[in-house]
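File shown: data-v7.txt. Contents: compact mmCIF, C-alpha atoms and all ligand atoms.
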```
# COMPACT_ATOMS: atom_id res chain seq x y z
CA MET A 28 0.00 0.00 0.00
CA ALA A 29 1.30 3.49 -0.85
CA GLU A 30 2.10 5.49 2.22
CA PRO A 31 2.67 9.21 2.20
CA VAL A 32 6.21 10.11 3.13
CA PRO A 33 5.92 12.73 5.85
CA ALA A 34 8.43 15.10 4.25
CA VAL A 35 6.89 18.00 2.37
CA GLY A 36 8.10 19.64 -0.82
CA ALA A 37 11.11 21.93 -0.54
CA ASP A 38 9.05 25.04 -1.40
CA GLY A 39 6.71 24.45 1.55
CA ASP A 40 4.11 22.76 -0.64
CA PRO A 41 2.16 20.44 1.74
CA THR A 42 1.76 17.76 -0.95
CA PRO A 43 3.51 14.65 0.35
CA LEU A 44 6.05 12.93 -1.83
CA LEU A 45 4.52 9.53 -2.49
CA ARG A 46 6.25 6.20 -2.64
CA ASP A 47 3.75 5.05 -5.26
CA SER A 48 2.68 7.99 -7.34
CA ALA A 49 1.04 5.70 -9.93
CA LEU A 50 -1.34 4.43 -7.27
CA GLU A 51 -2.01 7.93 -6.06
CA ARG A 52 -2.91 8.91 -9.58
CA ILE A 53 -5.47 6.09 -9.73
CA GLU A 54 -6.96 7.24 -6.42
CA LEU A 55 -7.08 10.81 -7.62
CA GLU A 56 -8.76 9.92 -10.90
CA LEU A 57 -11.32 7.79 -9.06
CA LEU A 58 -12.07 10.69 -6.73
CA LEU A 59 -12.57 13.12 -9.63
CA GLU A 60 -14.75 10.57 -11.44
CA GLY A 61 -16.81 10.14 -8.27
CA ILE A 62 -17.21 13.90 -7.85
CA TYR A 63 -18.43 14.16 -11.42
CA ARG A 64 -20.93 11.31 -11.09
CA GLN A 65 -22.21 12.30 -7.68
CA TYR A 66 -22.23 16.12 -8.00
CA GLY A 67 -21.74 16.93 -11.70
CA PHE A 68 -18.56 19.00 -11.14
CA TYR A 69 -16.05 18.14 -13.80
CA PHE A 70 -12.44 18.47 -12.65
CA ARG A 71 -11.01 15.52 -14.58
CA SER A 72 -9.23 17.63 -17.18
CA TYR A 73 -7.95 20.32 -14.86
CA ALA A 74 -4.18 20.67 -14.62
CA TYR A 75 -3.02 17.64 -12.61
CA ALA A 76 -0.32 19.21 -10.44
CA SER A 77 -2.59 22.02 -9.34
CA ILE A 78 -5.51 19.67 -8.51
CA ARG A 79 -3.19 17.37 -6.58
CA ARG A 80 -1.83 20.21 -4.49
CA ARG A 81 -5.30 21.43 -3.62
CA LEU A 82 -6.60 17.98 -2.73
CA TRP A 83 -3.68 17.43 -0.40
CA LYS A 84 -4.37 20.71 1.31
CA ARG A 85 -7.87 19.46 2.14
CA ILE A 86 -6.56 16.00 3.16
CA GLU A 87 -4.17 17.66 5.59
CA GLU A 88 -6.75 20.04 7.01
CA GLU A 89 -9.19 17.21 7.68
CA GLY A 90 -6.50 15.07 9.32
CA LEU A 91 -6.82 12.34 6.68
CA SER A 92 -4.00 10.36 5.15
CA THR A 93 -4.89 9.32 1.61
CA VAL A 94 -6.85 10.52 -1.40
CA THR A 95 -9.16 7.55 -0.89
CA ASP A 96 -9.95 8.76 2.64
CA LEU A 97 -10.98 12.05 1.14
CA GLN A 98 -13.06 10.30 -1.51
CA ASN A 99 -15.01 8.51 1.21
CA ARG A 100 -15.82 11.78 2.96
CA VAL A 101 -16.60 13.75 -0.19
CA LEU A 102 -18.97 11.18 -1.67
CA HIS A 103 -20.91 10.75 1.55
CA GLU A 104 -20.89 14.32 2.86
CA PRO A 105 -22.11 17.14 0.61
CA GLU A 106 -20.62 19.64 3.10
CA MET A 107 -17.17 18.20 2.37
CA MET A 108 -17.84 18.66 -1.34
CA GLU A 109 -18.65 22.30 -0.68
CA LYS A 110 -15.34 22.79 1.11
CA LEU A 111 -13.47 21.04 -1.67
CA LEU A 112 -15.17 23.14 -4.30
CA LEU A 113 -13.79 26.21 -2.61
CA ASP A 114 -10.33 24.62 -2.52
CA LEU A 115 -10.46 23.65 -6.17
CA SER A 116 -11.68 26.91 -7.58
CA ILE A 117 -9.23 29.75 -7.62
CA ASN A 118 -11.29 32.84 -7.05
CA VAL A 119 -8.61 35.52 -7.19
CA THR A 120 -9.94 38.58 -8.94
CA ALA A 121 -9.92 42.39 -8.85
CA MET A 122 -11.87 45.38 -10.06
CA PHE A 123 -10.68 46.66 -13.43
CA ARG A 124 -8.11 43.85 -13.41
CA ASP A 125 -5.55 44.57 -16.16
CA PRO A 126 -6.78 48.17 -16.61
CA GLN A 127 -5.57 48.29 -20.20
CA PHE A 128 -8.09 45.59 -21.07
CA TYR A 129 -10.94 47.86 -20.00
CA ARG A 130 -9.40 50.87 -21.71
CA VAL A 131 -9.23 49.02 -25.02
CA PHE A 132 -12.74 47.67 -24.46
CA ARG A 133 -13.97 51.23 -23.93
CA GLU A 134 -12.16 52.60 -26.98
CA GLN A 135 -12.58 49.77 -29.45
CA VAL A 136 -15.61 47.72 -28.46
CA VAL A 137 -18.00 50.30 -27.00
CA PRO A 138 -18.41 52.14 -30.37
CA THR A 139 -19.79 48.91 -31.89
CA LEU A 140 -21.98 48.23 -28.87
CA ARG A 141 -23.52 51.68 -29.32
CA THR A 142 -25.01 50.52 -32.61
CA TYR A 143 -27.01 47.73 -30.89
CA PRO A 144 -30.49 48.33 -29.50
CA PHE A 145 -29.86 45.79 -26.75
CA ILE A 146 -26.60 44.36 -25.41
CA ARG A 147 -26.19 40.94 -23.82
CA ILE A 148 -22.97 40.26 -21.95
CA TRP A 149 -21.85 37.02 -20.31
CA HIS A 150 -19.16 37.02 -17.61
CA ALA A 151 -18.26 33.33 -17.41
CA GLY A 152 -16.30 32.39 -14.27
CA CYS A 153 -16.98 35.75 -12.61
CA ALA A 154 -15.81 34.63 -9.13
CA THR A 155 -16.82 37.22 -6.50
CA GLY A 156 -18.03 39.62 -9.18
CA GLU A 157 -15.44 42.38 -9.23
CA GLU A 158 -15.22 42.32 -13.01
CA VAL A 159 -19.00 42.43 -13.28
CA TYR A 160 -19.19 45.62 -11.22
CA SER A 161 -16.32 47.02 -13.29
CA MET A 162 -18.21 46.36 -16.52
CA ALA A 163 -21.41 47.83 -15.09
CA ILE A 164 -19.54 51.03 -14.17
CA LEU A 165 -17.97 51.24 -17.62
CA LEU A 166 -21.31 50.73 -19.38
CA GLN A 167 -22.99 53.28 -17.14
CA GLU A 168 -20.33 55.89 -17.92
CA GLU A 169 -20.75 55.19 -21.63
CA GLY A 170 -24.56 55.56 -21.38
CA LEU A 171 -25.12 51.92 -22.35
CA TYR A 172 -26.06 50.30 -19.07
CA ASP A 173 -29.81 50.77 -19.37
CA ARG A 174 -29.92 48.73 -22.55
CA SER A 175 -27.59 46.03 -21.30
CA ARG A 176 -28.21 42.74 -19.56
CA ILE A 177 -25.25 41.11 -17.85
CA TYR A 178 -25.25 37.39 -17.03
CA ALA A 179 -22.66 36.65 -14.37
CA THR A 180 -21.97 32.96 -13.83
CA ASP A 181 -19.60 30.77 -11.88
CA ILE A 182 -19.42 27.12 -10.92
CA ASN A 183 -19.20 28.12 -7.28
CA GLU A 184 -22.37 29.24 -5.50
CA VAL A 185 -20.46 30.60 -2.48
CA VAL A 186 -18.55 33.17 -4.54
CA LEU A 187 -21.74 34.14 -6.37
CA GLN A 188 -23.39 35.00 -3.05
CA LYS A 189 -20.49 37.33 -2.31
CA ALA A 190 -20.83 38.85 -5.75
CA LYS A 191 -24.52 39.52 -5.15
CA SER A 192 -23.85 41.21 -1.81
CA GLY A 193 -21.94 44.02 -3.54
CA ILE A 194 -19.61 44.31 -0.54
CA PHE A 195 -15.89 44.27 -1.23
CA PRO A 196 -12.84 44.71 1.04
CA ILE A 197 -12.37 48.38 1.80
CA GLU A 198 -8.59 47.94 1.95
CA ARG A 199 -8.54 47.17 -1.78
CA MET A 200 -10.22 50.43 -2.79
CA GLN A 201 -6.94 52.26 -3.25
CA GLU A 202 -5.72 49.62 -5.72
CA TYR A 203 -9.11 49.59 -7.49
CA THR A 204 -9.11 53.37 -7.75
CA GLU A 205 -5.77 53.21 -9.53
CA ASN A 206 -7.05 50.45 -11.81
CA TYR A 207 -10.18 52.47 -12.55
CA ILE A 208 -8.13 55.51 -13.55
CA GLY A 209 -5.85 53.31 -15.70
CA ALA A 210 -8.97 51.85 -17.34
CA GLY A 211 -10.10 55.32 -18.45
CA GLY A 212 -12.69 55.86 -15.70
CA LYS A 213 -14.55 59.13 -16.08
CA GLN A 214 -15.66 59.96 -12.58
CA SER A 215 -14.38 59.59 -9.08
CA PHE A 216 -14.28 55.89 -8.18
CA SER A 217 -15.55 56.62 -4.68
CA ASP A 218 -18.87 57.79 -6.20
CA TYR A 219 -19.75 54.12 -6.67
CA TYR A 220 -19.49 52.87 -3.10
CA THR A 221 -20.09 53.78 0.51
CA ALA A 222 -18.12 52.46 3.45
CA LYS A 223 -20.40 50.05 5.30
CA TYR A 224 -20.28 46.77 7.27
CA ASP A 225 -16.47 47.06 7.46
CA GLY A 226 -16.39 46.99 3.68
CA ALA A 227 -17.18 49.00 0.58
CA LEU A 228 -20.83 48.61 -0.39
CA PHE A 229 -21.34 49.23 -4.10
CA SER A 230 -24.42 50.97 -5.43
CA PRO A 231 -27.32 48.51 -6.05
CA ALA A 232 -27.97 50.46 -9.27
CA LEU A 233 -24.94 48.65 -10.71
CA THR A 234 -26.61 45.25 -10.43
CA LYS A 235 -30.15 46.11 -11.48
CA ASN A 236 -29.48 44.61 -14.91
CA VAL A 237 -27.29 41.75 -13.71
CA VAL A 238 -28.41 38.14 -13.35
CA PHE A 239 -26.12 36.04 -11.13
CA SER A 240 -26.42 32.33 -11.69
CA GLN A 241 -24.52 29.11 -11.16
CA HIS A 242 -23.25 27.63 -14.42
CA ASN A 243 -20.64 24.98 -15.04
CA LEU A 244 -18.71 25.72 -18.24
CA VAL A 245 -17.83 22.07 -18.66
CA THR A 246 -21.15 20.36 -18.18
CA ASP A 247 -23.82 23.02 -18.79
CA ARG A 248 -25.01 24.28 -22.12
CA SER A 249 -25.34 27.75 -23.51
CA PHE A 250 -28.38 29.63 -22.28
CA SER A 251 -28.58 32.53 -24.74
CA GLU A 252 -26.87 34.43 -27.55
CA PHE A 253 -24.44 37.13 -26.51
CA ASN A 254 -22.83 40.21 -28.00
CA VAL A 255 -19.93 39.93 -25.57
CA ILE A 256 -18.49 37.00 -23.62
CA LEU A 257 -15.76 37.67 -21.08
CA CYS A 258 -14.07 34.63 -19.64
CA ARG A 259 -10.84 35.78 -18.12
CA ASN A 260 -8.38 33.73 -16.10
CA VAL A 261 -10.53 30.61 -16.10
CA LEU A 262 -9.33 28.57 -19.11
CA ILE A 263 -5.79 28.80 -17.85
CA TYR A 264 -6.70 26.06 -15.34
CA PHE A 265 -8.08 23.71 -18.00
CA ASP A 266 -6.19 21.28 -20.21
CA ARG A 267 -6.37 21.45 -24.02
CA SER A 268 -9.39 19.16 -24.42
CA LEU A 269 -11.42 21.08 -21.88
CA GLN A 270 -10.42 24.42 -23.39
CA ALA A 271 -11.57 23.14 -26.76
CA LYS A 272 -14.94 22.21 -25.31
CA VAL A 273 -15.41 25.62 -23.73
CA HIS A 274 -14.30 27.44 -26.90
CA ARG A 275 -16.99 25.58 -28.77
CA LEU A 276 -19.55 26.70 -26.20
CA PHE A 277 -18.42 30.32 -26.59
CA TYR A 278 -18.40 30.18 -30.37
CA ASP A 279 -21.93 28.78 -30.38
CA SER A 280 -23.09 31.40 -27.87
CA LEU A 281 -21.74 34.49 -29.65
CA VAL A 282 -23.64 36.43 -32.32
CA ASN A 283 -21.78 37.19 -35.56
CA PHE A 284 -19.21 39.89 -34.85
CA GLY A 285 -19.61 39.19 -31.14
CA ILE A 286 -16.68 39.90 -28.84
CA LEU A 287 -14.72 37.37 -26.81
CA GLY A 288 -12.41 38.64 -24.03
CA LEU A 289 -9.85 36.30 -22.46
CA GLY A 290 -7.27 36.69 -19.69
CA GLY A 291 -3.75 38.01 -20.25
CA LYS A 292 -2.19 34.54 -20.29
CA GLU A 293 -4.90 32.96 -22.42
CA SER A 294 -5.41 32.97 -26.16
CA LEU A 295 -7.22 31.35 -29.05
CA LYS A 296 -3.93 30.12 -30.48
CA PHE A 297 -4.04 26.42 -31.26
CA SER A 298 -7.77 26.28 -30.62
CA GLN A 299 -9.99 24.91 -33.38
CA TYR A 300 -11.68 28.32 -33.59
CA GLU A 301 -8.53 30.38 -34.08
CA ASP A 302 -9.49 31.22 -37.68
CA CYS A 303 -13.03 32.18 -36.77
CA TYR A 304 -11.97 35.27 -34.83
CA GLU A 305 -9.86 38.31 -35.48
CA GLN A 306 -7.82 39.67 -32.61
CA ILE A 307 -8.63 43.34 -32.23
CA SER A 308 -6.05 44.10 -29.59
CA SER A 309 -3.09 42.60 -27.84
CA GLU A 310 -5.31 42.69 -24.74
CA LYS A 311 -6.84 39.36 -25.84
CA ILE A 312 -10.00 40.85 -27.25
CA TYR A 313 -11.34 38.94 -30.24
CA ARG A 314 -14.19 39.47 -32.70
CA LYS A 315 -16.04 36.51 -34.20
CA VAL A 316 -15.83 36.96 -37.94
CA ARG A 317 -16.98 33.63 -39.38
C1 LIG A 401 -9.35 33.10 -11.14
S1 LIG A 401 -11.06 33.29 -11.13
C2 LIG A 401 -11.29 34.47 -12.43
C3 LIG A 401 -12.21 35.58 -12.02
C4 LIG A 401 -12.39 36.67 -13.04
N1 LIG A 401 -12.89 36.17 -14.29
C5 LIG A 401 -11.11 37.46 -13.25
O1 LIG A 401 -10.49 37.34 -14.30
O2 LIG A 401 -10.73 38.21 -12.36
C6 LIG A 401 -11.60 31.75 -11.88
C7 LIG A 401 -13.08 31.44 -11.63
O3 LIG A 401 -13.46 30.39 -12.53
C8 LIG A 401 -14.41 29.59 -11.85
N2 LIG A 401 -14.50 28.28 -12.51
C9 LIG A 401 -13.62 27.26 -12.46
N3 LIG A 401 -14.06 26.21 -13.16
C10 LIG A 401 -15.27 26.57 -13.65
C11 LIG A 401 -16.25 25.91 -14.44
N4 LIG A 401 -16.07 24.66 -14.86
N5 LIG A 401 -17.37 26.60 -14.78
C12 LIG A 401 -17.57 27.86 -14.35
N6 LIG A 401 -16.69 28.54 -13.59
C13 LIG A 401 -15.55 27.90 -13.24
C14 LIG A 401 -13.88 29.52 -10.44
O4 LIG A 401 -14.89 29.16 -9.51
C15 LIG A 401 -13.35 30.93 -10.23
O5 LIG A 401 -14.29 31.74 -9.60
```

Produce structure tokens that represent the structure in this file.
Ligand SMILES: C[S@@+](CC[C@H](N)C(=O)[O-])C[C@H]1O[C@@H](n2cnc3c(N)ncnc32)[C@H](O)[C@@H]1O
Amino acid sequence: MAEPVPAVGADGDPTPLLRDSALERIELELLLEGIYRQYGFYFRSYAYASIRRRLWKRIEEEGLSTVTDLQNRVLHEPEMMEKLLLDLSINVTAMFRDPQFYRVFREQVVPTLRTYPFIRIWHAGCATGEEVYSMAILLQEEGLYDRSRIYATDINEVVLQKAKSGIFPIERMQEYTENYIGAGGKQSFSDYYTAKYDGALFSPALTKNVVFSQHNLVTDRSFSEFNVILCRNVLIYFDRSLQAKVHRLFYDSLVNFGILGLGGKESLKFSQYEDCYEQISSEKIYRKVR
């Protein structure tokens, strides 16, 4: 039987070095298969090293010793699945993250959006919603918010609840103010929030046209046609086959000449849809052209 060697990785990584990593891989694949069949969350094609590290973090915290121990708990206790879902999803985000992205969006995409009577935007993998509020602010400043509908989805219900609350850490407002200015913001950023409940409470007007909803990019289908899909810093955690699946979903969900926005480290290169889009800026903003 494979036993974890107590030593941890040199960089402080809690993942034990295993005597039988082939067996651990079997256990890990069985766990991910079980999660998919029991709960419908598909993590089988996520980057292996990253999944392994996260699973071991949970194993350690629960005082367990093998992946199979964790499987037993996860399959029988939905609460353990909830904890694991939080471990497995990386929810790091920020308002006006990569300000240049929003600046280019404002300068090069907004003029096209102005020509539409109604604008449908999908933020896929929105985490705690900071990018959704950023987009709402941008659209409001451009006079487009009232004819926009924003669908904000994530696999993780816990982060969506935070997104809905509109309360964000007050200590990040300085950083967000700088991002907002870099993104071409037209007002004073502090006009959009009030200090409350030890946090910054954003104006409810920003979410009046936003629908927050749980959606799994891997297992759920498209639910509408969109003029803009933003899916930033999500695909980076998927392997090639899963990325291909999600790109198909996006292609099918975008109107002709619709816009796809990806994260700084993501691209359409090597995807089967590479030729169907033109890149309109180095900020990973693409237009569907065929
Ligand atoms: C790093 S955050 C990115 C947040 C935001 N888009 C940004 O760029 O700041 C990645 C988000 O993707 C979500 N995610 C991971 N797998 C997903 C899936 N299969 N379907 C939907 N969302 C997923 C995670 O829950 C997490 O909130």

For this session: Taking all atoms listed in the file into account, report as a VMD selection string which residues have an atom no farther than 8 Å from an atom of ligand LIG 401 (chain A).
Result: chain A and resid 68 to 70 112 to 113 115 to 122 124 150 to 158 180 to 183 186 241 to 246 257 to 262 264 290

For this session: Measure the distance from CA of His103 (chain A) to CA of Arg248 (chain A) in Å and round it to one decimal.
Result: 27.6 Å

For this session: Could you please determine the separation between CA of Asn283 (chain A) and CA of Val255 (chain A) in Å, to one decimal place?
Result: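 CA of Val255 (chain A) lies 10.5 Å from CA of Asn283 (chain A).
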
For this session: Kindly give the distance, in Å, that separates CA of Leu276 (chain A) and CA of Cys303 (chain A), rounded to a single decimal.
Result: 13.6 Å

Problem set entry | Using only C-alpha atoms: which of A:Ser230, A:Tyr143, A:Asp266, A:Phe128 has the shortest distance to Asn206 (chain A) |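 Under the stated criterion, the closest residue is A:Phe128.
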
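Nearest to Phe239 (chain A) of all the residues A:Gln306, A:Ser48, A:Ser92, A:Ser192 is A:Ser192, counting only C-alpha atoms.
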
For this session: Compile the contact shell of region 59-61 of chain A as a list of chain:residue names: residues with an atom at most 8 Å away, counting all atoms listed in the file, same-chain residues fewer than 4 positions apart removed.
Result: A:Leu55, A:Gln65, A:Tyr69, A:Phe70, A:Arg71, A:Gln98, A:Leu102

Problem set entry | Neighbour list for region 232-236 of chain A as a list in words, cut-off 7 Å, only C-alpha atoms, skip fewer than 2 positions in-chain |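 Counting only the stated atoms, we get Tyr160, Ala163, Ile164, Ser175, Arg176, Ile177, Ser230 and Val238 of chain A.
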
Would you mind completing region 140-170 of chain A to N, CA and C atoms and writing the output as an mmCIF file, in the frame of the given file?
```
data_model
loop_
_atom_site.group_PDB
_atom_site.id
_atom_site.type_symbol
_atom_site.label_atom_id
_atom_site.label_comp_id
_atom_site.auth_asym_id
_atom_site.auth_seq_id
_atom_site.Cartn_x
_atom_site.Cartn_y
_atom_site.Cartn_z
ATOM 1 N N LEU A 140 -20.833 48.524 -29.737
ATOM 2 C CA LEU A 140 -21.980 48.230 -28.870
ATOM 3 C C LEU A 140 -23.043 49.327 -28.966
ATOM 4 N N ARG A 141 -22.583 50.557 -29.195
ATOM 5 C CA ARG A 141 -23.520 51.680 -29.320
ATOM 6 C C ARG A 141 -24.525 51.479 -30.449
ATOM 7 N N THR A 142 -24.129 50.695 -31.450
ATOM 8 C CA THR A 142 -25.010 50.520 -32.610
ATOM 9 C C THR A 142 -26.091 49.470 -32.343
ATOM 10 N N TYR A 143 -26.023 48.775 -31.198
ATOM 11 C CA TYR A 143 -27.010 47.730 -30.890
ATOM 12 C C TYR A 143 -28.139 48.293 -30.047
ATOM 13 N N PRO A 144 -29.374 47.874 -30.343
ATOM 14 C CA PRO A 144 -30.490 48.330 -29.500
ATOM 15 C C PRO A 144 -30.447 47.708 -28.108
ATOM 16 N N PHE A 145 -29.913 46.496 -28.028
ATOM 17 C CA PHE A 145 -29.860 45.790 -26.750
ATOM 18 C C PHE A 145 -28.561 44.988 -26.679
ATOM 19 N N ILE A 146 -27.926 44.988 -25.514
ATOM 20 C CA ILE A 146 -26.600 44.360 -25.410
ATOM 21 C C ILE A 146 -26.641 43.253 -24.363
ATOM 22 N N ARG A 147 -26.223 42.073 -24.769
ATOM 23 C CA ARG A 147 -26.190 40.940 -23.820
ATOM 24 C C ARG A 147 -24.738 40.551 -23.584
ATOM 25 N N ILE A 148 -24.371 40.551 -22.311
ATOM 26 C CA ILE A 148 -22.970 40.260 -21.950
ATOM 27 C C ILE A 148 -22.938 39.081 -20.976
ATOM 28 N N TRP A 149 -22.014 38.178 -21.212
ATOM 29 C CA TRP A 149 -21.850 37.020 -20.310
ATOM 30 C C TRP A 149 -20.459 37.074 -19.680
ATOM 31 N N HIS A 150 -20.421 37.164 -18.351
ATOM 32 C CA HIS A 150 -19.160 37.020 -17.610
ATOM 33 C C HIS A 150 -19.107 35.576 -17.120
ATOM 34 N N ALA A 151 -18.333 34.747 -17.779
ATOM 35 C CA ALA A 151 -18.260 33.330 -17.410
ATOM 36 C C ALA A 151 -17.092 33.125 -16.451
ATOM 37 N N GLY A 152 -17.357 32.549 -15.287
ATOM 38 C CA GLY A 152 -16.300 32.390 -14.270
ATOM 39 C C GLY A 152 -16.026 33.728 -13.616
ATOM 40 N N CYS A 153 -17.101 34.356 -13.098
ATOM 41 C CA CYS A 153 -16.980 35.750 -12.610
ATOM 42 C C CYS A 153 -16.450 35.817 -11.185
ATOM 43 N N ALA A 154 -16.297 34.657 -10.516
ATOM 44 C CA ALA A 154 -15.810 34.630 -9.130
ATOM 45 C C ALA A 154 -16.670 35.555 -8.252
ATOM 46 N N THR A 155 -16.049 36.382 -7.432
ATOM 47 C CA THR A 155 -16.820 37.220 -6.500
ATOM 48 C C THR A 155 -17.373 38.495 -7.149
ATOM 49 N N GLY A 156 -17.276 38.591 -8.459
ATOM 50 C CA GLY A 156 -18.030 39.620 -9.180
ATOM 51 C C GLY A 156 -17.345 40.942 -9.449
ATOM 52 N N GLU A 157 -16.094 41.083 -9.053
ATOM 53 C CA GLU A 157 -15.440 42.380 -9.230
ATOM 54 C C GLU A 157 -15.442 42.838 -10.684
ATOM 55 N N GLU A 158 -15.247 41.890 -11.603
ATOM 56 C CA GLU A 158 -15.220 42.320 -13.010
ATOM 57 C C GLU A 158 -16.624 42.675 -13.510
ATOM 58 N N VAL A 159 -17.624 42.115 -12.881
ATOM 59 C CA VAL A 159 -19.000 42.430 -13.280
ATOM 60 C C VAL A 159 -19.341 43.879 -12.889
ATOM 61 N N TYR A 160 -18.972 44.239 -11.668
ATOM 62 C CA TYR A 160 -19.190 45.620 -11.220
ATOM 63 C C TYR A 160 -18.368 46.593 -12.072
ATOM 64 N N SER A 161 -17.165 46.154 -12.450
ATOM 65 C CA SER A 161 -16.320 47.020 -13.290
ATOM 66 C C SER A 161 -17.002 47.285 -14.634
ATOM 67 N N MET A 162 -17.542 46.208 -15.217
ATOM 68 C CA MET A 162 -18.210 46.360 -16.520
ATOM 69 C C MET A 162 -19.463 47.227 -16.383
ATOM 70 N N ALA A 163 -20.197 47.028 -15.292
ATOM 71 C CA ALA A 163 -21.410 47.830 -15.090
ATOM 72 C C ALA A 163 -21.060 49.317 -14.996
ATOM 73 N N ILE A 164 -19.976 49.631 -14.295
ATOM 74 C CA ILE A 164 -19.540 51.030 -14.170
ATOM 75 C C ILE A 164 -19.173 51.580 -15.540
ATOM 76 N N LEU A 165 -18.404 50.794 -16.285
ATOM 77 C CA LEU A 165 -17.970 51.240 -17.620
ATOM 78 C C LEU A 165 -19.188 51.517 -18.523
ATOM 79 N N LEU A 166 -20.135 50.576 -18.513
ATOM 80 C CA LEU A 166 -21.310 50.730 -19.380
ATOM 81 C C LEU A 166 -22.149 51.934 -18.951
ATOM 82 N N GLN A 167 -22.216 52.137 -17.627
ATOM 83 C CA GLN A 167 -22.990 53.280 -17.140
ATOM 84 C C GLN A 167 -22.339 54.600 -17.603
ATOM 85 N N GLU A 168 -21.028 54.654 -17.511
ATOM 86 C CA GLU A 168 -20.330 55.890 -17.920
ATOM 87 C C GLU A 168 -20.448 56.127 -19.417
ATOM 88 N N GLU A 169 -20.620 55.043 -20.176
ATOM 89 C CA GLU A 169 -20.750 55.190 -21.630
ATOM 90 C C GLU A 169 -22.218 55.334 -22.052
ATOM 91 N N GLY A 170 -23.122 55.384 -21.082
ATOM 92 C CA GLY A 170 -24.560 55.560 -21.380
ATOM 93 C C GLY A 170 -25.192 54.321 -21.981
#
```
